Amino acid sequence: MELTKNITLGIYLPGETFVHRLDPRTKIIASVILIVLLLFIRSYEAYGIFLIFTAAVIFISGIPPGFALCGLKPMLPVLVLMWIFQLFLYRTPGSDVIFSWWIFSATDTGLHMGNLITLRVLFLFTVTTILTLTTSMVSLTDGLENLLKPLRKIGLPSQELVMTMVIALRFVLILAEELDKIVKAQMARGVAFDRGNFLQKTKKIFPVFLPLFINAFKRAEELIIAMESRSYTGGKGRTKMKTLHLGRVDLAAGLLIFLFSALIVFIIVSIQPQI
Amino acid sequence: MILNPFIETTDLSFSYRTGSSNAVRALKKVNMQVKLGELLAITGQNGSGKSTLARHFNGLLTAREGKVLVDGLSAADKENTAAIRRLVGMVFQNPDNQLVSSIVEEDIAFGPENLGLPPAEIRERVDWALDTLNISNLRRESPNQLSEGQKQLVAIAGVLAMKPRCIVLDEPTAHLDPRGRREVIENVLCLNRIEGITIVLLTHFMSEVVNCDRMIVMDKGEVKMEGAPCDVFRQGEKILNLGLDFPVAARLSAGLRRKGFPLPDHIIHIEELIDSLCQLK
């Protein structure tokens with residue numbers, strides 16, 4: 001069990017492209033806009049334009065196209081299953097049966113719905129992947145902290161939440177290493193993790209996680225003491241070393257996203273069939 | 001030059017789990033001083049109360065019995081806590097559990113950011129701390145990629161960037177390999193000698209104690225011995241009874257004295273021993 005090697009949280013591909021140089025806030029907002037648009041798209045025409053757009057972004061950002069899609073592999077069975085469910089179960093009055101077998105029958109609206117939902121999930125995934133591939137975790141959290149700041153006024157402890165994320169990011173690897181150590185220590189004392197049926201294997205997991213949790217709590221306590229003695233008293237009164245700047249690239253990207261959204265909205269409103 | 005007390009405790013007592021039947025008295029009427037500009041070692045076996053004492057220095061623990069003054073400020077007063085934490089920084093044993101960020105320079109910026117300093121000054125302090133400890137090359141690294149010794153240097157830099165007058169190090173080398181230990185201790189010595197920062201070093205290693213100006217030996221919550229290392233180690237058996245050991249040079253010269261070599265009894269440094277041996281006819 002080499003856990004630490006397999007953990008690639010937010011695989012980031014460093015680069016100097018147009019997309020990389022954007023302020024993280026611009027990228028986060030743009031992604032949110034794209035995601036919202038996706039939730040309203042119900043026509044193949046709009047998806048076609050969306051495909052051209054994302055393909056262009058992937059090309060500009062220099063991400064190998066295969067790389068952007070390889071993360072999809074584990075999701076494939078779920079996508080296929082979703083498509084099948086929609087195909088056989090979704091129907092509206094007046095839809096035509098295009099195929100039937102035993103007690104199942106597929107309708108044309110079901111086929112349409114299945115396609116739309118599968119495409120939607122595919123594009124949602126691609127948009128978020130582009131974001132995390134071109135933005136490091138640290139600048140993502142910086143951007144998020146900045147964007148969430150106004151929500152402080154309505155009582156959301158945004159800075160503390162982001163601080164928790166920052167710490168979690170750091171400790172994921174440490175805890176993975178620790179898990180690895182505990183597993184090896186137990187293997188050395190004769191526990192065979194790969195033997196036995198499902199139930200037996202599951203039982204062996206508990207003695208692994210118990211020490212992990214206890215250690216995690218101990219670490220948390222030490223970390224709190226260390227943070228406290230470094231004058232941390234919560235987000236209030238804190239400043240940041242790095243300040244974010246919106247530049248010309250962000251203006252260009254903003255305009256681009258605006259035009260694109262206008263186009264998509266136009267299609268949604270005028271061409272798209274209302275279901 | 002070393003005169004003014006910077007931290008002073010008077011009759012400081014502290015108990016863990018007060019109120020329950022198995023209360024542990026960790027400190028019993030401790031009177032001690034940390035003088036401005038000195039390099040003070042506090043040693044003692046596990047459970048001797050040295051960590052508990054150190055945690056009173058920057059308000060992590062507050063005195064219930066007795067008094068702690070830091071630069072004239074009473075540590076018992078909650079209003080002074082923020083000011084005291086700016087004056088006294090603290091470095092702990094396990095570097096992994098004190099680093100916050102996944103990027104070295106961002107972690108070092110954490111303290112100054114908490115102080116609410118303007119971004120340009122934070123940047124300047126971070127650069128200065130990295131430079132002072134000679135770890136500028138690590139600034140963009142992730143702490144997870146560093147050796148334990150490097151991680152501890154990052155932790156020290158994080159405290160240094162807050163520009164404290166005094167840094168308390170609670171067994172900073174206990175987790176480190178010999179090389180990491182040497183790196184950390186050399187840097188700590190430089191901070192004291194060159195930057196003039198008052199250092200309190202809690203340690204089990206006598207090789208680290210010999211470099212200090214003064215040492216305090218604690219046992220069962222009390223200060224048992226105090227003085228310059230060469231005077232303390234001269235007192236023979238007593239230090240063994242407190243569960244500690246002699247530095248190598250002192251042990252060796254004591255052995256040689258027993259064999260009849262006329263060596264002085266204040267030797268604690270290897271260099272001193274070599275000098276004395278060379279002067280023998």
# chains A, B, ... in the order shown; residues from 1 in each chain; ligands from 1

call {"tool": "residues_around", "arguments": {"residues": "Arg139 of chain B", "least_positions_apart": "3", "cutoff": "10 Å", "atoms": "only C-alpha atoms", "output": "PyMOL selection string"}}
result
chain B and resi 103-108+126-127+130+135-136+142-143+154

call {"tool": "write_last_selection", "arguments": {"atoms": "N, CA, C and O atoms", "output": "mmCIF file, in the first residue's frame"}}
result
data_model
loop_
_atom_site.group_PDB
_atom_site.id
_atom_site.type_symbol
_atom_site.label_atom_id
_atom_site.label_comp_id
_atom_site.auth_asym_id
_atom_site.auth_seq_id
_atom_site.Cartn_x
_atom_site.Cartn_y
_atom_site.Cartn_z
ATOM 1 N N ILE B 103 3.390 26.031 1.367
ATOM 2 C CA ILE B 103 4.516 26.689 0.719
ATOM 3 C C ILE B 103 5.322 27.397 1.810
ATOM 4 O O ILE B 103 4.760 28.085 2.664
ATOM 5 N N VAL B 104 6.649 27.190 1.786
ATOM 6 C CA VAL B 104 7.509 27.678 2.854
ATOM 7 C C VAL B 104 7.314 29.169 3.134
ATOM 8 O O VAL B 104 7.057 29.575 4.258
ATOM 9 N N GLU B 105 7.407 30.013 2.071
ATOM 10 C CA GLU B 105 7.356 31.446 2.346
ATOM 11 C C GLU B 105 5.973 31.888 2.847
ATOM 12 O O GLU B 105 5.864 32.815 3.636
ATOM 13 N N GLU B 106 4.935 31.179 2.416
ATOM 14 C CA GLU B 106 3.597 31.513 2.899
ATOM 15 C C GLU B 106 3.477 31.173 4.375
ATOM 16 O O GLU B 106 2.806 31.864 5.133
ATOM 17 N N ASP B 107 4.154 30.096 4.771
ATOM 18 C CA ASP B 107 4.108 29.722 6.174
ATOM 19 C C ASP B 107 4.828 30.751 7.026
ATOM 20 O O ASP B 107 4.350 31.140 8.087
ATOM 21 N N ILE B 108 5.981 31.199 6.540
ATOM 22 C CA ILE B 108 6.736 32.189 7.307
ATOM 23 C C ILE B 108 5.942 33.490 7.408
ATOM 24 O O ILE B 108 6.020 34.197 8.414
ATOM 25 N N VAL B 126 9.730 38.383 5.632
ATOM 26 C CA VAL B 126 9.872 36.995 5.201
ATOM 27 C C VAL B 126 11.231 36.810 4.525
ATOM 28 O O VAL B 126 11.963 35.862 4.823
ATOM 29 N N ASP B 127 11.568 37.756 3.630
ATOM 30 C CA ASP B 127 12.864 37.675 2.950
ATOM 31 C C ASP B 127 14.007 37.725 3.953
ATOM 32 O O ASP B 127 14.984 36.986 3.846
ATOM 33 N N LEU B 130 14.227 34.386 5.905
ATOM 34 C CA LEU B 130 14.779 33.335 5.040
ATOM 35 C C LEU B 130 16.285 33.523 4.880
ATOM 36 O O LEU B 130 17.057 32.571 4.944
ATOM 37 N N ILE B 135 18.010 29.946 4.210
ATOM 38 C CA ILE B 135 17.133 28.970 3.557
ATOM 39 C C ILE B 135 16.336 29.630 2.439
ATOM 40 O O ILE B 135 15.242 29.179 2.089
ATOM 41 N N SER B 136 16.886 30.710 1.866
ATOM 42 C CA SER B 136 16.174 31.405 0.780
ATOM 43 C C SER B 136 15.880 30.469 -0.380
ATOM 44 O O SER B 136 14.888 30.632 -1.089
ATOM 45 N N SER B 142 7.542 22.919 -0.820
ATOM 46 C CA SER B 142 6.511 22.493 0.108
ATOM 47 C C SER B 142 7.201 21.878 1.325
ATOM 48 O O SER B 142 8.157 21.127 1.172
ATOM 49 N N PRO B 143 6.744 22.195 2.541
ATOM 50 C CA PRO B 143 7.392 21.623 3.732
ATOM 51 C C PRO B 143 7.464 20.100 3.676
ATOM 52 O O PRO B 143 8.381 19.510 4.228
ATOM 53 N N VAL B 154 12.478 26.245 9.034
ATOM 54 C CA VAL B 154 11.320 27.004 8.539
ATOM 55 C C VAL B 154 10.459 27.457 9.716
ATOM 56 O O VAL B 154 9.995 28.604 9.761
#

call {"tool": "interface_residues", "arguments": {"of": "chain A", "to": "chain B", "cutoff": "10 Å", "atoms": "only C-alpha atoms", "output": "PyMOL selection string"}}
result
chain A and resi 137-138+163-171+173-174+218-243

call {"tool": "closest_residue", "arguments": {"among": "A:Gly114, A:Pro65, A:Pro207, A:Pro77", "to": "Tyr90 of chain A", "atoms": "only C-alpha atoms"}}
result
A:Gly114

call {"tool": "closest_residue", "arguments": {"among": "B:Leu160, B:Ala254, B:Met218, B:Leu277", "to": "Arg125 of chain B", "atoms": "only C-alpha atoms"}}
result
B:Leu160

call {"tool": "select_by_dssp", "arguments": {"residues": "segment 58-229 of chain B", "states": "helix (DSSP H, G or I)", "output": "PyMOL selection string"}}
result
chain B and resi 78-87+95-97+104-114+119-132+136-138+143-145+148-160+178-193+206-209+229

call {"tool": "residues_around", "arguments": {"residues": "Gln279 of chain B", "least_positions_apart": "2", "cutoff": "12 Å", "atoms": "only C-alpha atoms", "output": "PDB file with N, CA and C atoms, in the first residue's frame"}}
result
ATOM      1  N   PHE B 261      45.946  12.548  35.561  1.00  0.00           N
ATOM      2  CA  PHE B 261      46.360  13.685  34.734  1.00  0.00           C
ATOM      3  C   PHE B 261      45.913  14.989  35.380  1.00  0.00           C
ATOM      4  N   PRO B 262      46.784  15.959  35.484  1.00  0.00           N
ATOM      5  CA  PRO B 262      46.419  17.212  36.148  1.00  0.00           C
ATOM      6  C   PRO B 262      45.605  18.143  35.228  1.00  0.00           C
ATOM      7  N   LEU B 263      44.340  17.827  35.044  1.00  0.00           N
ATOM      8  CA  LEU B 263      43.480  18.670  34.195  1.00  0.00           C
ATOM      9  C   LEU B 263      42.562  19.508  35.077  1.00  0.00           C
ATOM     10  N   PRO B 264      42.236  20.742  34.657  1.00  0.00           N
ATOM     11  CA  PRO B 264      41.316  21.565  35.447  1.00  0.00           C
ATOM     12  C   PRO B 264      39.905  20.958  35.423  1.00  0.00           C
ATOM     13  N   GLU B 272      38.562  23.065  24.660  1.00  0.00           N
ATOM     14  CA  GLU B 272      39.258  23.307  25.929  1.00  0.00           C
ATOM     15  C   GLU B 272      40.086  22.094  26.330  1.00  0.00           C
ATOM     16  N   LEU B 273      39.461  20.922  26.158  1.00  0.00           N
ATOM     17  CA  LEU B 273      40.120  19.685  26.542  1.00  0.00           C
ATOM     18  C   LEU B 273      41.389  19.493  25.718  1.00  0.00           C
ATOM     19  N   ILE B 274      41.249  19.726  24.410  1.00  0.00           N
ATOM     20  CA  ILE B 274      42.403  19.563  23.524  1.00  0.00           C
ATOM     21  C   ILE B 274      43.520  20.513  23.940  1.00  0.00           C
ATOM     22  N   ASP B 275      43.159  21.788  24.195  1.00  0.00           N
ATOM     23  CA  ASP B 275      44.150  22.786  24.626  1.00  0.00           C
ATOM     24  C   ASP B 275      44.872  22.331  25.887  1.00  0.00           C
ATOM     25  N   SER B 276      44.058  21.899  26.882  1.00  0.00           N
ATOM     26  CA  SER B 276      44.655  21.511  28.155  1.00  0.00           C
ATOM     27  C   SER B 276      45.580  20.313  27.990  1.00  0.00           C
ATOM     28  N   LEU B 277      45.128  19.346  27.150  1.00  0.00           N
ATOM     29  CA  LEU B 277      45.949  18.162  26.938  1.00  0.00           C
ATOM     30  C   LEU B 277      47.270  18.523  26.266  1.00  0.00           C
ATOM     31  N   LYS B 281      52.830  18.378  30.071  1.00  0.00           N
ATOM     32  CA  LYS B 281      54.206  18.000  29.725  1.00  0.00           C
ATOM     33  C   LYS B 281      54.365  16.486  29.818  1.00  0.00           C
TER      34      LYS B 281
END

call {"tool": "residues_around", "arguments": {"residues": "Val70 of chain B", "least_positions_apart": "3", "cutoff": "7 Å", "atoms": "only C-alpha atoms", "output": "JSON, numbers by chain"}}
result
{"B": [6, 7, 8, 73, 74, 75, 84]}

call {"tool": "atom_distance", "arguments": {"atom1": "atom CA of Lys67 of chain B", "atom2": "atom CA of Leu27 of chain B"}}
result
12.4 Å

call {"tool": "residues_around", "arguments": {"residues": "Asn134 of chain B", "least_positions_apart": "6", "cutoff": "12 Å", "atoms": "only C-alpha atoms", "output": "ChimeraX atom specification"}}
result
/B:127-128,150,153-154,156-157,183-184,186-187,190-191

call {"tool": "residues_around", "arguments": {"residues": "Pro24 of chain A", "least_positions_apart": "3", "cutoff": "10 Å", "atoms": "only C-alpha atoms", "output": "list of chain:residue names"}}
result
A:Val19, A:His20, A:Arg21, A:Lys27, A:Ile28, A:Ile29, A:Ala30, A:Leu131, A:Thr134, A:Thr135, A:Ser136, A:Met137, A:Val138, A:Ser139, A:Leu140, A:Thr141, A:Asp142, A:Gly143, A:Leu144, A:Asn146, A:Leu147, A:Leu244, A:His245, A:Leu246, A:Asp250

call {"tool": "write_last_selection", "arguments": {"atoms": "N, CA and C atoms", "output": "short mmCIF file (atom, residue, chain, number, x, y, z; two decimals), in the first residue's frame"}}
result
data_model
loop_
_atom_site.label_atom_id
_atom_site.label_comp_id
_atom_site.auth_asym_id
_atom_site.auth_seq_id
_atom_site.Cartn_x
_atom_site.Cartn_y
_atom_site.Cartn_z
N VAL A 19 -4.22 31.48 -19.76
CA VAL A 19 -5.12 30.98 -18.72
C VAL A 19 -4.40 30.94 -17.37
N HIS A 20 -3.13 30.53 -17.39
CA HIS A 20 -2.37 30.45 -16.14
C HIS A 20 -2.19 31.83 -15.49
N ARG A 21 -2.01 32.84 -16.35
CA ARG A 21 -1.68 34.16 -15.81
C ARG A 21 -2.89 34.90 -15.26
N LYS A 27 -10.70 33.32 -12.67
CA LYS A 27 -10.92 31.94 -13.09
C LYS A 27 -12.07 31.30 -12.30
N ILE A 28 -12.12 31.61 -11.00
CA ILE A 28 -13.20 31.02 -10.18
C ILE A 28 -14.55 31.55 -10.66
N ILE A 29 -14.64 32.86 -10.84
CA ILE A 29 -15.92 33.45 -11.27
C ILE A 29 -16.32 32.92 -12.64
N ALA A 30 -15.34 32.86 -13.55
CA ALA A 30 -15.63 32.36 -14.89
C ALA A 30 -16.16 30.93 -14.82
N LEU A 131 -9.96 24.40 -14.40
CA LEU A 131 -9.65 25.32 -13.30
C LEU A 131 -8.53 24.78 -12.42
N THR A 134 -4.96 24.53 -14.07
CA THR A 134 -4.23 25.76 -14.39
C THR A 134 -4.03 26.67 -13.19
N THR A 135 -4.57 26.27 -12.02
CA THR A 135 -4.46 27.12 -10.84
C THR A 135 -3.93 26.30 -9.69
N SER A 136 -2.86 26.78 -9.04
CA SER A 136 -2.32 26.03 -7.91
C SER A 136 -3.29 26.13 -6.74
N MET A 137 -3.23 25.15 -5.84
CA MET A 137 -4.13 25.13 -4.70
C MET A 137 -4.00 26.40 -3.87
N VAL A 138 -2.75 26.88 -3.75
CA VAL A 138 -2.54 28.06 -2.91
C VAL A 138 -3.22 29.29 -3.51
N SER A 139 -3.10 29.46 -4.84
CA SER A 139 -3.75 30.64 -5.39
C SER A 139 -5.26 30.45 -5.44
N LEU A 140 -5.70 29.20 -5.55
CA LEU A 140 -7.14 28.94 -5.47
C LEU A 140 -7.70 29.38 -4.12
N THR A 141 -7.00 28.99 -3.05
CA THR A 141 -7.50 29.38 -1.73
C THR A 141 -7.39 30.89 -1.53
N ASP A 142 -6.31 31.49 -2.06
CA ASP A 142 -6.19 32.94 -1.97
C ASP A 142 -7.38 33.62 -2.64
N GLY A 143 -7.69 33.14 -3.85
CA GLY A 143 -8.80 33.73 -4.60
C GLY A 143 -10.12 33.55 -3.87
N LEU A 144 -10.29 32.34 -3.33
CA LEU A 144 -11.53 32.03 -2.62
C LEU A 144 -11.69 32.92 -1.39
N ASN A 146 -10.47 35.82 -0.90
CA ASN A 146 -10.78 37.17 -1.33
C ASN A 146 -12.24 37.32 -1.76
N LEU A 147 -12.71 36.31 -2.50
CA LEU A 147 -14.09 36.39 -3.00
C LEU A 147 -15.12 36.25 -1.89
N LEU A 244 -3.76 40.28 -4.52
CA LEU A 244 -4.16 39.88 -5.85
C LEU A 244 -4.39 41.11 -6.71
N HIS A 245 -3.97 41.02 -7.97
CA HIS A 245 -4.15 42.16 -8.88
C HIS A 245 -4.87 41.71 -10.14
N LEU A 246 -5.86 42.49 -10.51
CA LEU A 246 -6.53 42.23 -11.78
C LEU A 246 -5.76 42.98 -12.86
N ASP A 250 -7.08 39.76 -17.32
CA ASP A 250 -8.36 39.48 -16.65
C ASP A 250 -9.49 40.21 -17.35
#

call {"tool": "closest_residue", "arguments": {"among": "A:Gly155, A:Glu178, A:Pro150, A:Ser43", "to": "Met113 of chain A", "atoms": "only C-alpha atoms"}}
result
A:Ser43

call {"tool": "select_by_dssp", "arguments": {"residues": "segment 130-267 of chain B", "states": "strand (DSSP E or B)", "output": "VMD selection string"}}
result
chain B and resid 166 to 170 198 to 202 214 to 219 222 to 227

call {"tool": "residues_around", "arguments": {"residues": "Leu124 of chain A", "least_positions_apart": "5", "cutoff": "9 Å", "atoms": "only C-alpha atoms", "output": "count of residues only"}}
result
5

call {"tool": "closest_atom_pairs", "arguments": {"of": "segment 1-108 of chain B", "to": "segment 197-206 of chain B", "cutoff": "7 Å", "atoms": "only C-alpha atoms", "output": "Markdown table"}}
result
| residue | atom | partner | partner_atom | distance |
| --- | --- | --- | --- | --- |
| B:Leu36 | CA | B:Thr198 | CA | 5.9 |
| B:Gly37 | CA | B:Thr198 | CA | 4.3 |
| B:Glu38 | CA | B:Thr198 | CA | 5.2 |
| B:Leu39 | CA | B:Ile199 | CA | 4.8 |
| B:Leu40 | CA | B:Val200 | CA | 4.8 |
| B:Ala41 | CA | B:Leu201 | CA | 4.7 |
| B:Ile42 | CA | B:Leu202 | CA | 4.8 |
| B:Thr43 | CA | B:Thr203 | CA | 5.4 |
| B:Gly44 | CA | B:His204 | CA | 6.9 |

call {"tool": "closest_atom_pairs", "arguments": {"of": "segment 192-227 of chain B", "to": "segment 267-270 of chain B", "cutoff": "12 Å", "atoms": "only C-alpha atoms", "output": "tab-separated table"}}
result
residue	atom	partner	partner_atom	distance
B:Met206	CA	B:Ile268	CA	9.5
B:Ser207	CA	B:His269	CA	8.6
B:Glu208	CA	B:His269	CA	10.6
B:Val209	CA	B:Ile268	CA	9.6
B:Val210	CA	B:Ile268	CA	6.4
B:Asn211	CA	B:His269	CA	8.4
B:Cys212	CA	B:Ile268	CA	11.3
